[in-house]
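Let me begin by presenting the structure, written as structure tokens, before commenting on it.
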Amino acid sequence: MNKELLEQIAGFAKTAYGYEGDITADTTFDELGKGSMKMIALTSTIENELDAEVTIHEVMKMKTVGELVERVAEEIEE
């Protein structure tokens, strides 16, 4: 897994969710706190900052931040 990308997305997630703890690849979205508006903020930040489009519907099916990082990595590589 791309450690730098994980750190970037973890930072975006902390901001979007107002989360104070450490975020790892194993951190679940349940731990961050559910909220579609927070998830929209996260996906918008990823799109704006990394130029990677991941839909809200894709993210809603994911359980962990690691899954999101892998998906963004695929999008960036294309």
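Chain lettering (A, B, ...) mirrors the order of the structure tokens, residue numbering begins at 1 for each chain separately, and ligand numbering begins at 1 in order of display.
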
Run DSSP on the backbone and give me the residues of chain A it puts in alpha helix (DSSP H), as a PyMOL selection string. chain A and resi 3-17+29-32+36-50+56-61+65-77

Would you mind exporting C-alpha atoms of the selected residues as a PDB file, in the first residue's frame?
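Output contents, as saved in selection.pdb:
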ATOM      1  CA  LYS A   3       2.114   4.966   2.561  1.00  0.00           C
ATOM      2  CA  GLU A   4       2.237   8.548   1.270  1.00  0.00           C
ATOM      3  CA  LEU A   5      -1.226   8.238  -0.277  1.00  0.00           C
ATOM      4  CA  LEU A   6      -2.562   6.684   2.936  1.00  0.00           C
ATOM      5  CA  GLU A   7      -1.213   9.640   4.933  1.00  0.00           C
ATOM      6  CA  GLN A   8      -2.811  12.120   2.532  1.00  0.00           C
ATOM      7  CA  ILE A   9      -6.202  10.421   2.595  1.00  0.00           C
ATOM      8  CA  ALA A  10      -6.017   9.964   6.368  1.00  0.00           C
ATOM      9  CA  GLY A  11      -5.479  13.721   6.643  1.00  0.00           C
ATOM     10  CA  PHE A  12      -8.441  14.402   4.366  1.00  0.00           C
ATOM     11  CA  ALA A  13     -10.578  12.010   6.439  1.00  0.00           C
ATOM     12  CA  LYS A  14      -9.569  13.678   9.718  1.00  0.00           C
ATOM     13  CA  THR A  15     -10.712  17.017   8.330  1.00  0.00           C
ATOM     14  CA  ALA A  16     -13.920  15.712   6.741  1.00  0.00           C
ATOM     15  CA  TYR A  17     -14.975  13.707   9.787  1.00  0.00           C
ATOM     16  CA  PHE A  29     -15.691   4.275   8.343  1.00  0.00           C
ATOM     17  CA  ASP A  30     -17.871   3.206  11.289  1.00  0.00           C
ATOM     18  CA  GLU A  31     -15.048   4.256  13.629  1.00  0.00           C
ATOM     19  CA  LEU A  32     -14.799   7.649  11.916  1.00  0.00           C
ATOM     20  CA  SER A  36     -23.083  10.981   4.080  1.00  0.00           C
ATOM     21  CA  MET A  37     -22.214  14.687   4.168  1.00  0.00           C
ATOM     22  CA  LYS A  38     -18.831  13.837   5.710  1.00  0.00           C
ATOM     23  CA  MET A  39     -18.275  11.178   3.073  1.00  0.00           C
ATOM     24  CA  ILE A  40     -19.184  13.656   0.322  1.00  0.00           C
ATOM     25  CA  ALA A  41     -16.678  16.123   1.794  1.00  0.00           C
ATOM     26  CA  LEU A  42     -14.025  13.394   1.779  1.00  0.00           C
ATOM     27  CA  THR A  43     -14.662  12.322  -1.828  1.00  0.00           C
ATOM     28  CA  SER A  44     -14.736  15.961  -2.969  1.00  0.00           C
ATOM     29  CA  THR A  45     -11.387  16.632  -1.306  1.00  0.00           C
ATOM     30  CA  ILE A  46      -9.875  13.536  -2.941  1.00  0.00           C
ATOM     31  CA  GLU A  47     -11.167  14.657  -6.326  1.00  0.00           C
ATOM     32  CA  ASN A  48      -9.910  18.231  -5.897  1.00  0.00           C
ATOM     33  CA  GLU A  49      -6.532  17.466  -4.309  1.00  0.00           C
ATOM     34  CA  LEU A  50      -5.558  14.218  -6.047  1.00  0.00           C
ATOM     35  CA  ILE A  56     -19.839   8.324  -3.033  1.00  0.00           C
ATOM     36  CA  HIS A  57     -21.599   5.040  -3.858  1.00  0.00           C
ATOM     37  CA  GLU A  58     -18.243   3.242  -4.118  1.00  0.00           C
ATOM     38  CA  VAL A  59     -17.081   4.631  -0.796  1.00  0.00           C
ATOM     39  CA  MET A  60     -20.345   3.709   0.937  1.00  0.00           C
ATOM     40  CA  LYS A  61     -19.644   0.042   0.084  1.00  0.00           C
ATOM     41  CA  VAL A  65      -9.793   3.580   4.790  1.00  0.00           C
ATOM     42  CA  GLY A  66      -7.331   1.090   3.257  1.00  0.00           C
ATOM     43  CA  GLU A  67      -9.942   0.055   0.688  1.00  0.00           C
ATOM     44  CA  LEU A  68     -10.379   3.708  -0.245  1.00  0.00           C
ATOM     45  CA  VAL A  69      -6.610   4.204  -0.572  1.00  0.00           C
ATOM     46  CA  GLU A  70      -6.358   1.179  -2.904  1.00  0.00           C
ATOM     47  CA  ARG A  71      -9.226   2.503  -5.045  1.00  0.00           C
ATOM     48  CA  VAL A  72      -7.707   5.998  -5.274  1.00  0.00           C
ATOM     49  CA  ALA A  73      -4.330   4.450  -6.188  1.00  0.00           C
ATOM     50  CA  GLU A  74      -6.012   2.586  -9.079  1.00  0.00           C
ATOM     51  CA  GLU A  75      -7.653   5.810 -10.240  1.00  0.00           C
ATOM     52  CA  ILE A  76      -4.380   7.771 -10.127  1.00  0.00           C
ATOM     53  CA  GLU A  77      -2.525   5.071 -12.099  1.00  0.00           C
TER      54      GLU A  77
END

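The gap separating CA of Thr28 (chain A) from CA of Met62 (chain A) is 8.5 Å, in Å to one decimal.
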
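From CA of Met1 (chain A) back to CA of Glu20 (chain A), the distance works out to 23.0 Å.
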
To one decimal in Å, tell me the separation between CA of Thr24 (chain A) and CA of Val54 (chain A).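 Going from CA of Thr24 (chain A) over to CA of Val54 (chain A) covers 19.3 Å.
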